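coords_17.cif follows (mmCIF, C-alpha atoms (C1' of nucleotides)):
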```cif
data_work
loop_
_atom_site.label_atom_id
_atom_site.label_comp_id
_atom_site.auth_asym_id
_atom_site.auth_seq_id
_atom_site.Cartn_x
_atom_site.Cartn_y
_atom_site.Cartn_z
CA MET A 1 0.00 0.00 0.00
CA GLN A 2 1.35 3.38 -0.92
CA ILE A 3 1.67 6.32 1.43
CA ASP A 4 -0.93 8.30 -0.51
CA GLU A 5 -3.52 5.62 -0.16
CA LYS A 6 -2.55 5.18 3.47
CA THR A 7 -3.12 8.84 4.34
CA LEU A 8 -6.40 8.77 2.44
CA ILE A 9 -7.70 5.98 4.63
CA SER A 10 -6.39 7.68 7.76
CA ALA A 11 -8.11 10.94 6.92
CA TYR A 12 -11.28 9.03 6.19
CA LEU A 13 -11.05 7.29 9.57
CA ILE A 14 -10.52 10.55 11.45
CA GLU A 15 -13.55 12.18 9.87
CA ARG A 16 -15.72 9.09 10.14
CA THR A 17 -14.81 8.44 13.78
CA ALA A 18 -15.50 12.03 14.80
CA LYS A 19 -18.92 11.78 13.20
CA ILE A 20 -19.69 8.44 14.84
CA LEU A 21 -18.58 9.67 18.27
CA LYS A 22 -21.03 12.55 18.08
CA GLN A 23 -23.88 10.49 16.61
CA SER A 24 -23.46 7.73 19.18
CA PHE A 25 -23.47 10.06 22.13
CA ALA A 26 -26.46 11.92 20.68
CA LYS A 27 -28.26 8.60 20.57
CA ASP A 28 -27.34 7.93 24.20
CA LEU A 29 -28.81 11.30 25.21
CA LEU A 30 -31.99 10.62 23.26
CA GLU A 31 -32.49 7.11 24.59
CA ASN A 32 -32.07 8.35 28.14
CA GLY A 33 -34.65 11.07 27.65
CA ILE A 34 -32.16 13.92 28.08
CA PRO A 35 -33.87 17.05 26.72
CA VAL A 36 -30.76 18.73 25.30
CA THR A 37 -28.62 18.13 22.22
CA VAL A 38 -24.94 17.28 22.26
CA ASP A 39 -23.97 20.87 21.51
CA GLN A 40 -26.26 22.21 24.19
CA TRP A 41 -24.63 19.73 26.58
CA ILE A 42 -21.18 21.07 25.71
CA VAL A 43 -22.25 24.59 26.66
CA LEU A 44 -24.12 23.54 29.77
CA ARG A 45 -21.20 21.41 30.99
CA GLU A 46 -18.84 24.35 30.66
CA LEU A 47 -21.20 26.61 32.60
CA ASP A 48 -21.47 24.03 35.33
CA ARG A 49 -17.69 23.92 35.57
CA GLU A 50 -17.62 27.70 36.01
CA ASP A 51 -20.29 30.22 35.12
CA GLY A 52 -20.52 33.98 34.90
CA PHE A 53 -18.71 34.08 31.58
CA SER A 54 -19.54 36.57 28.88
CA GLN A 55 -20.89 34.95 25.74
CA GLN A 56 -17.66 35.70 23.95
CA GLU A 57 -15.59 33.85 26.53
CA LEU A 58 -18.05 30.98 26.48
CA ALA A 59 -17.85 30.83 22.68
CA THR A 60 -14.07 30.57 22.83
CA TYR A 61 -14.08 27.84 25.46
CA THR A 62 -16.66 25.72 23.65
CA HIS A 63 -15.26 26.36 20.14
CA LYS A 64 -18.53 27.79 18.91
CA ASP A 65 -18.95 31.04 17.02
CA ALA A 66 -21.04 33.90 18.35
CA PRO A 67 -24.20 33.38 16.28
CA THR A 68 -24.26 29.66 17.03
CA LEU A 69 -23.79 30.29 20.73
CA THR A 70 -26.55 32.91 20.74
CA ARG A 71 -28.99 30.33 19.40
CA ILE A 72 -27.86 27.57 21.73
CA LEU A 73 -28.24 29.92 24.69
CA ASP A 74 -31.71 30.95 23.46
CA LEU A 75 -32.72 27.29 23.54
CA LEU A 76 -31.12 26.61 26.92
CA GLU A 77 -32.74 29.74 28.36
CA SER A 78 -36.17 28.78 27.03
CA LYS A 79 -35.75 25.43 28.80
CA ASN A 80 -34.77 27.26 32.00
CA TYR A 81 -31.29 25.76 32.23
CA ILE A 82 -29.41 29.07 31.98
CA ASN A 83 -29.99 32.79 32.46
CA ARG A 84 -28.46 35.85 30.90
CA ILE A 85 -27.74 38.72 33.29
CA LYS A 86 -26.78 42.17 32.02
CA SER A 87 -23.27 43.08 33.11
CA LYS A 88 -23.07 46.30 35.13
CA MET A 89 -19.44 46.81 34.23
CA ASP A 90 -20.01 46.64 30.49
CA ARG A 91 -23.59 46.97 29.35
CA ARG A 92 -22.90 45.31 26.01
CA ARG A 93 -22.24 42.04 27.81
CA TYR A 94 -24.35 39.39 29.39
CA LEU A 95 -23.10 37.15 32.16
CA VAL A 96 -24.31 33.64 31.49
CA ILE A 97 -25.41 31.73 34.57
CA ILE A 98 -26.51 28.12 34.95
CA THR A 99 -29.75 27.58 36.90
CA PRO A 100 -30.30 24.95 39.64
CA GLU A 101 -32.30 22.99 37.07
CA GLY A 102 -29.37 23.20 34.68
CA LYS A 103 -27.00 21.91 37.35
CA LYS A 104 -29.38 19.09 38.11
CA LEU A 105 -29.48 18.10 34.44
CA VAL A 106 -25.70 18.18 34.17
CA ASN A 107 -25.44 15.76 37.08
CA THR A 108 -27.85 13.44 35.29
CA ILE A 109 -25.74 13.47 32.14
CA TRP A 110 -22.26 12.86 33.60
CA PRO A 111 -22.77 9.14 34.27
CA LEU A 112 -23.81 8.71 30.62
CA VAL A 113 -20.62 10.43 29.56
CA TYR A 114 -18.37 8.20 31.64
CA THR A 115 -20.10 5.09 30.36
CA PHE A 116 -19.83 6.35 26.81
CA ARG A 117 -16.15 7.14 27.12
CA SER A 118 -15.17 3.78 28.53
CA ARG A 119 -17.30 2.03 25.92
CA SER A 120 -15.81 3.86 22.98
CA PHE A 121 -12.21 3.54 24.16
CA ASN A 122 -12.45 -0.08 25.22
CA ASN A 123 -9.68 -2.45 24.04
CA ILE A 124 -7.31 0.32 23.07
CA GLU A 125 -3.64 0.16 23.97
CA LEU A 126 -2.01 3.16 25.57
CA GLN A 127 0.94 3.17 23.18
CA ASP A 128 -1.39 3.27 20.16
CA LEU A 129 -3.30 6.12 21.74
CA THR A 130 -0.05 8.01 22.22
CA ALA A 131 0.91 7.46 18.59
CA MET A 132 -2.52 8.64 17.46
CA ASP A 133 -2.28 11.82 19.52
CA LYS A 134 1.10 12.48 17.97
CA VAL A 135 -0.34 12.14 14.46
CA LEU A 136 -3.36 14.30 15.22
CA ASN A 137 -1.25 17.01 16.82
CA THR A 138 1.02 16.98 13.79
CA ILE A 139 -1.92 17.36 11.41
CA ASN A 140 -3.19 20.26 13.48
CA ASP A 141 0.25 21.85 13.41
CA ASN A 142 0.53 21.27 9.66
CA LEU A 143 -2.76 23.06 9.09
CA ASN A 144 -1.53 25.95 11.20
CA VAL A 145 -4.37 25.98 13.65
CA ALA A 146 -2.72 25.33 16.97
CA LYS A 147 -1.23 28.76 17.29
CA ASN A 148 -4.07 30.68 18.88
CA GLU A 149 -5.62 27.64 20.47
CA ILE A 150 -5.80 27.04 24.16
CA LYS A 151 -3.55 24.12 25.02
CA PHE A 152 -5.28 20.80 24.46
CA ASN A 153 -4.51 19.21 27.78
CA GLU A 154 -5.84 22.21 29.67
CA ASN A 155 -9.15 22.57 27.92
CA ALA A 156 -10.12 19.44 26.06
CA GLU A 157 -13.02 18.98 28.42
CA THR A 158 -14.64 22.19 27.31
CA PHE A 159 -14.81 21.24 23.66
CA ILE A 160 -15.18 17.47 23.38
CA ASN A 161 -18.56 16.29 22.16
CA HIS A 162 -19.38 14.11 25.13
CA MET B 163 -1.64 11.10 33.53
CA GLN B 164 -4.54 8.73 34.02
CA ILE B 165 -6.20 6.72 31.29
CA ASP B 166 -9.46 8.67 31.65
CA GLU B 167 -7.78 11.96 31.07
CA LYS B 168 -5.78 10.43 28.23
CA THR B 169 -8.88 9.23 26.38
CA LEU B 170 -10.53 12.59 26.92
CA ILE B 171 -7.68 14.35 25.16
CA SER B 172 -7.67 11.75 22.40
CA ALA B 173 -11.37 12.13 21.75
CA TYR B 174 -10.92 15.88 21.73
CA LEU B 175 -8.12 15.57 19.18
CA ILE B 176 -10.16 13.33 16.90
CA GLU B 177 -13.10 15.72 16.85
CA ARG B 178 -10.96 18.82 16.56
CA THR B 179 -8.81 17.41 13.77
CA ALA B 180 -11.82 16.30 11.74
CA LYS B 181 -13.23 19.80 12.04
CA ILE B 182 -9.95 21.45 11.07
CA LEU B 183 -9.45 19.15 8.07
CA LYS B 184 -12.82 20.17 6.70
CA GLN B 185 -12.41 23.87 7.49
CA SER B 186 -8.95 24.03 5.99
CA PHE B 187 -9.95 22.37 2.75
CA ALA B 188 -13.05 24.59 2.56
CA LYS B 189 -10.72 27.56 2.81
CA ASP B 190 -8.55 26.17 0.02
CA LEU B 191 -11.61 25.83 -2.23
CA LEU B 192 -12.72 29.35 -1.43
CA GLU B 193 -9.31 30.93 -1.96
CA ASN B 194 -8.99 29.20 -5.33
CA GLY B 195 -12.37 30.47 -6.46
CA ILE B 196 -13.93 27.01 -6.64
CA PRO B 197 -17.73 27.53 -6.78
CA VAL B 198 -18.72 24.44 -4.79
CA THR B 199 -18.63 23.55 -1.10
CA VAL B 200 -16.69 20.66 0.40
CA ASP B 201 -19.81 18.50 0.55
CA GLN B 202 -20.75 19.32 -3.01
CA TRP B 203 -17.20 18.33 -3.98
CA ILE B 204 -17.60 14.95 -2.28
CA VAL B 205 -20.68 14.20 -4.37
CA LEU B 206 -19.24 15.54 -7.59
CA ARG B 207 -16.02 13.58 -7.13
CA GLU B 208 -17.96 10.36 -6.69
CA LEU B 209 -20.00 11.04 -9.83
CA ASP B 210 -16.82 11.68 -11.77
CA ARG B 211 -15.45 8.35 -10.60
CA GLU B 212 -18.58 6.62 -11.90
CA ASP B 213 -21.95 8.16 -12.64
CA GLY B 214 -25.40 6.86 -13.45
CA PHE B 215 -26.11 6.00 -9.82
CA SER B 216 -29.53 6.33 -8.26
CA GLN B 217 -29.67 8.94 -5.53
CA GLN B 218 -29.96 6.22 -2.93
CA GLU B 219 -26.74 4.57 -4.07
CA LEU B 220 -25.03 7.93 -4.23
CA ALA B 221 -26.22 8.72 -0.72
CA THR B 222 -24.73 5.48 0.59
CA TYR B 223 -21.39 6.00 -1.12
CA THR B 224 -21.01 9.57 0.08
CA HIS B 225 -22.39 8.92 3.59
CA LYS B 226 -25.13 11.49 3.19
CA ASP B 227 -28.79 10.98 3.97
CA ALA B 228 -31.47 11.31 1.32
CA PRO B 229 -32.75 14.81 2.17
CA THR B 230 -29.23 16.20 2.39
CA LEU B 231 -28.32 14.63 -0.93
CA THR B 232 -31.47 15.99 -2.56
CA ARG B 233 -30.45 19.51 -1.62
CA ILE B 234 -26.83 19.09 -2.63
CA LEU B 235 -27.96 17.74 -6.02
CA ASP B 236 -30.39 20.66 -6.39
CA LEU B 237 -27.48 23.03 -5.94
CA LEU B 238 -25.16 21.10 -8.26
CA GLU B 239 -27.90 20.90 -10.90
CA SER B 240 -28.63 24.63 -10.69
CA LYS B 241 -24.92 25.22 -11.32
CA ASN B 242 -25.06 22.85 -14.30
CA TYR B 243 -22.55 20.35 -12.90
CA ILE B 244 -24.95 17.39 -12.80
CA ASN B 245 -28.25 16.23 -14.35
CA ARG B 246 -31.01 14.00 -13.10
CA ILE B 247 -32.44 11.59 -15.70
CA LYS B 248 -35.61 9.65 -15.03
CA SER B 249 -34.92 5.93 -14.99
CA LYS B 250 -36.96 3.96 -17.50
CA MET B 251 -36.58 0.74 -15.54
CA ASP B 252 -37.96 2.21 -12.31
CA ARG B 253 -39.78 5.46 -12.62
CA ARG B 254 -39.27 6.31 -8.95
CA ARG B 255 -35.58 6.69 -9.60
CA TYR B 256 -33.34 9.27 -11.13
CA LEU B 257 -30.00 8.46 -12.64
CA VAL B 258 -27.53 11.12 -11.63
CA ILE B 259 -25.09 12.14 -14.34
CA ILE B 260 -22.14 14.52 -14.22
CA THR B 261 -21.99 17.12 -16.99
CA PRO B 262 -18.89 18.05 -19.01
CA GLU B 263 -18.72 21.23 -16.94
CA GLY B 264 -18.84 19.12 -13.82
CA LYS B 265 -15.98 16.95 -15.05
CA LYS B 266 -14.00 20.04 -15.91
CA LEU B 267 -14.48 21.40 -12.41
CA VAL B 268 -13.45 18.11 -10.83
CA ASN B 269 -10.20 18.18 -12.79
CA THR B 270 -9.58 21.68 -11.48
CA ILE B 271 -10.08 20.56 -7.90
CA TRP B 272 -7.91 17.40 -7.82
CA PRO B 273 -4.57 19.23 -7.73
CA LEU B 274 -5.81 21.20 -4.71
CA VAL B 275 -6.71 17.93 -3.01
CA TYR B 276 -3.30 16.37 -3.55
CA THR B 277 -1.58 19.47 -2.27
CA PHE B 278 -3.86 19.57 0.72
CA ARG B 279 -3.29 15.91 1.57
CA SER B 280 0.46 16.12 1.45
CA ARG B 281 0.42 19.33 3.45
CA SER B 282 -1.79 17.94 6.20
CA PHE B 283 0.05 14.63 6.50
CA ASN B 284 3.52 16.08 6.33
CA ASN B 285 6.06 14.89 8.93
CA ILE B 286 4.01 11.90 9.98
CA GLU B 287 5.63 8.52 10.50
CA LEU B 288 4.08 5.47 8.94
CA GLN B 289 4.13 3.45 12.13
CA ASP B 290 2.25 6.17 14.01
CA LEU B 291 -0.31 6.30 11.23
CA THR B 292 -0.79 2.55 11.51
CA ALA B 293 -1.29 2.81 15.25
CA MET B 294 -3.80 5.60 14.77
CA ASP B 295 -5.80 3.61 12.24
CA LYS B 296 -5.88 0.73 14.70
CA VAL B 297 -7.29 2.99 17.43
CA LEU B 298 -9.86 4.58 15.13
CA ASN B 299 -11.02 1.23 13.80
CA THR B 300 -11.37 -0.04 17.36
CA ILE B 301 -13.47 2.96 18.36
CA ASN B 302 -15.68 2.40 15.34
CA ASP B 303 -16.03 -1.26 16.25
CA ASN B 304 -16.78 -0.36 19.86
CA LEU B 305 -19.56 1.93 18.78
CA ASN B 306 -20.97 -0.84 16.60
CA VAL B 307 -21.04 1.05 13.38
CA ALA B 308 -18.77 -0.94 11.13
CA LYS B 309 -21.23 -3.73 10.56
CA ASN B 310 -23.23 -2.40 7.65
CA GLU B 311 -20.47 -0.19 6.42
CA ILE B 312 -18.66 -0.65 3.19
CA LYS B 313 -15.06 -1.63 3.92
CA PHE B 314 -12.93 1.40 4.60
CA ASN B 315 -10.09 0.59 2.27
CA GLU B 316 -12.45 0.08 -0.64
CA ASN B 317 -14.41 3.29 -0.33
CA ALA B 318 -12.58 5.84 1.77
CA GLU B 319 -12.24 8.03 -1.29
CA THR B 320 -15.99 8.40 -1.63
CA PHE B 321 -16.49 9.83 1.84
CA ILE B 322 -13.42 11.75 2.85
CA ASN B 323 -13.85 15.52 3.04
CA HIS B 324 -11.13 16.43 0.60
"C1'" DT C 325 -56.59 -8.60 -9.58
"C1'" DA C 326 -57.00 -5.70 -5.46
"C1'" DT C 327 -54.91 -4.39 -1.44
"C1'" DT C 328 -51.06 -3.89 1.44
"C1'" DT C 329 -46.35 -3.00 2.08
"C1'" DA C 330 -42.00 -1.24 0.72
"C1'" DT C 331 -39.03 1.92 -1.81
"C1'" DA C 332 -37.17 6.43 -4.21
"C1'" DG C 333 -37.24 10.84 -3.81
"C1'" DT C 334 -38.99 15.29 -2.06
"C1'" DT C 335 -40.64 18.61 1.31
"C1'" DA C 336 -40.81 20.57 5.84
"C1'" DG C 337 -38.99 21.69 10.30
"C1'" DT C 338 -35.25 21.99 13.91
"C1'" DA C 339 -30.32 22.41 15.15
"C1'" DT C 340 -25.71 23.81 14.08
"C1'" DA C 341 -21.62 26.02 11.20
"C1'" DC C 342 -20.41 29.80 8.80
"C1'" DT C 343 -20.50 34.67 6.79
"C1'" DA C 344 -22.21 39.29 6.63
"C1'" DA C 345 -24.67 43.01 8.40
"C1'" DT C 346 -26.84 45.46 12.29
"C1'" DT C 347 -27.42 47.59 17.00
"C1'" DA C 348 -25.78 49.27 21.22
"C1'" DA C 349 -22.12 50.37 24.05
"C1'" DT C 350 -17.25 51.23 24.86
"C1'" DT C 351 -12.65 52.83 23.71
"C1'" DG C 352 -9.40 55.59 21.21
"C1'" DT C 353 -8.17 59.85 19.35
"C1'" DA C 354 -8.27 64.43 17.04
"C1'" DT D 355 -15.74 66.82 23.96
"C1'" DA D 356 -16.89 65.01 19.36
"C1'" DC D 357 -15.95 61.69 16.11
"C1'" DA D 358 -14.03 57.30 14.65
"C1'" DA D 359 -12.93 52.71 15.53
"C1'" DT D 360 -13.75 48.68 18.17
"C1'" DT D 361 -16.36 45.28 20.69
"C1'" DA D 362 -20.55 42.25 22.43
"C1'" DA D 363 -24.35 40.36 21.02
"C1'" DT D 364 -28.01 39.69 17.75
"C1'" DT D 365 -30.25 39.02 13.28
"C1'" DA D 366 -30.40 37.26 8.67
"C1'" DG D 367 -29.22 34.12 5.04
"C1'" DT D 368 -27.04 29.81 3.08
"C1'" DA D 369 -25.43 25.02 3.65
"C1'" DT D 370 -25.60 20.65 5.93
"C1'" DA D 371 -27.32 16.82 9.44
"C1'" DC D 372 -31.12 14.77 11.11
"C1'" DT D 373 -36.13 13.35 11.73
"C1'" DA D 374 -40.76 12.97 10.12
"C1'" DA D 375 -44.21 13.19 6.81
"C1'" DC D 376 -45.62 13.02 2.04
"C1'" DT D 377 -46.03 11.56 -3.10
"C1'" DA D 378 -45.39 8.41 -6.62
"C1'" DT D 379 -44.18 4.02 -8.01
"C1'" DA D 380 -43.04 -0.81 -7.49
"C1'" DA D 381 -43.27 -5.25 -5.16
"C1'" DA D 382 -45.56 -8.57 -2.31
"C1'" DT D 383 -49.47 -10.98 -1.15
"C1'" DA D 384 -54.27 -12.16 -0.08
#
```

Could you render the structure from this file as structure tokens?
Amino acid sequence: MQIDEKTLISAYLIERTAKILKQSFAKDLLENGIPVTVDQWIVLRELDREDGFSQQELATYTHKDAPTLTRILDLLESKNYINRIKSKMDRRRYLVIITPEGKKLVNTIWPLVYTFRSRSFNNIELQDLTAMDKVLNTINDNLNVAKNEIKFNENAETFINH
Amino acid sequence: MQIDEKTLISAYLIERTAKILKQSFAKDLLENGIPVTVDQWIVLRELDREDGFSQQELATYTHKDAPTLTRILDLLESKNYINRIKSKMDRRRYLVIITPEGKKLVNTIWPLVYTFRSRSFNNIELQDLTAMDKVLNTINDNLNVAKNEIKFNENAETFINH
DNA sequence: TATTTATAGTTAGTATACTAATTAATTGTA
DNA sequence: TACAATTAATTAGTATACTAACTATAAATA
């Protein structure tokens, strides 16, 4: 097998696996009657970790753009899981706060996440995982995207889809 | 570092890299004045490889669902890159055909793809790539999705985002 | 053959990614 | 201070993913 064909399959696998990870966890949420989507969960989880962010900060941490975050927050607010509070320091900003109901929902979801993670990464050897991370980091470097990014090992939890 | 934290970072990297691969190639298309999106390219490329498929077959090969494919074909048809021809054997079906203009566009895009692939997979060692593929295949197996899938090495080209 | 069931494709509606434009408020500067 | 530039958030529009419902046709079966 030639290197070209090899990288083609690898790129396919990266894209396919990312899609499957998201779809599978979405299915888990649905089957457990969780009334938020995967992307809403990402935002809610971050707010549970620490709230009072401006929307801009929250967008950065969750790797969502401003318009997308606006709509996700609209949905979360209509379900009473978050609130927007006008900042007194800067009246252009809102501080985004998670509600008690939001915190309660987050606690319901975490066990599903842990189960999902151990299921998806079952039977994988640590040395292979290390090699994969090396490849993925290299691709990211090659595509010149890591520069303004928050370090992976500090903030992976705020972006990952589950 | 514990295994839990390790898998968290790995999952983050998979999802992030998939996103970056797509975004970067989309940027390449845009900067080169290519008048189709990445997903339209995926469909067009498959039709250039072999056309005359029904939409259902095309949907399977490109990993798109029927409504998504309908809309992508609508866009490609309005740009005169493909045509739908009513099947005489089964009048529910269309046969999807690439036009000469479509073929011309595909030939314009291929060089961008090869450049993109070698750029993104630069500085990567073959043994690490092999380990990564092993991990990704295991995750796919763990999430029970490989069963009805076409074998990766036969059809990666039809799905990959670039 | 008539009816039921299944299939191909489309349409409609929601959620998210992305770009561009808009509004309101703040900051920088002449 | 007045004006210009910047920033935070929203709104609007296009593209795609996903689900559900619908139309037309074909296949299965009573």

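Distances from D:DA362, D:DA380, D:DA375, D:DA369 to chain A were compared using all atoms listed in the file, and the smallest one belongs to D:DA362.
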
Could you list, as a PyMOL selection string, every residue within 9 Å of Leu298 in chain B, counting only C-alpha atoms (C1' of nucleotides) and ignoring same-chain residues fewer than 3 positions away? (chain A and resi 10+13-14+16-17+132) or (chain B and resi 176+293-295+301-303)

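Residues matched by the PyMOL selection byres ((chain C and resi 332-349) around 7) in this file: Thr68, Arg91 and Arg92 of chain A; Arg254 and Arg255 of chain B; DT331 and DT350 of chain C.
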
Given the PyMOL selection byres ((chain A and resi 116-127) around 9), the residues it picks as a ChimeraX atom specification: /A:21,24-25,28,111-115,128-132,162 /B:165-166,168-170,173,293,296-297,300-305

Write out as a ChimeraX atom specification which residues come within 10 Å of range 35-52 of chain A when counting all atoms listed in the file, dropping same-chain ones fewer than 3 positions away. /A:22-23,25-30,32,55,57-59,61-64,68-69,71-73,75-76,79,81-85,87,94-100,102-107,109-110,157-162 /C:339-340

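Residues captured in this structure file are DT361, DA362, DA363, DT364 and DT365 of chain D, according to the PyMOL selection byres ((chain D) within 9 of (chain A)).
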
Give me the residues near DA359 in chain D as a short mmCIF file (atom, residue, chain, number, x, y, z; two decimals) with C-alpha atoms (C1' of nucleotides), in the coordinates of the input, where near means some atom within 10 Å (using only C-alpha atoms (C1' of nucleotides)) and where sequence neighbours in that chain fewer than 4 positions away do not count.
```cif
data_model
loop_
_atom_site.label_atom_id
_atom_site.label_comp_id
_atom_site.auth_asym_id
_atom_site.auth_seq_id
_atom_site.Cartn_x
_atom_site.Cartn_y
_atom_site.Cartn_z
"C1'" DT C 351 -12.65 52.83 23.71
"C1'" DG C 352 -9.40 55.59 21.21
"C1'" DT C 353 -8.17 59.85 19.35
#
```

What separation in Å, quoted to one decimal, exists between C1' of DT373 in chain D and CA of Asp74 in chain A? 21.6 Å

Report the distance between C1' of DT328 in chain C and C1' of DA381 in chain D in Å, rounded to one decimal place. 10.3 Å

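Picture a line from CA of Glu77 in chain A to CA of Phe53 in chain A; it runs 15.0 Å.
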
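Nearest to chain C of all the residues A:Gly33, A:Asn137, A:Asn80, A:Met89 is A:Met89, counting only C-alpha atoms (C1' of nucleotides).
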
Nearest to chain A, chosen from B:Thr222, B:Asn306, B:Thr270, B:Ile196, with all atoms listed in the file counted in the distances: B:Asn306
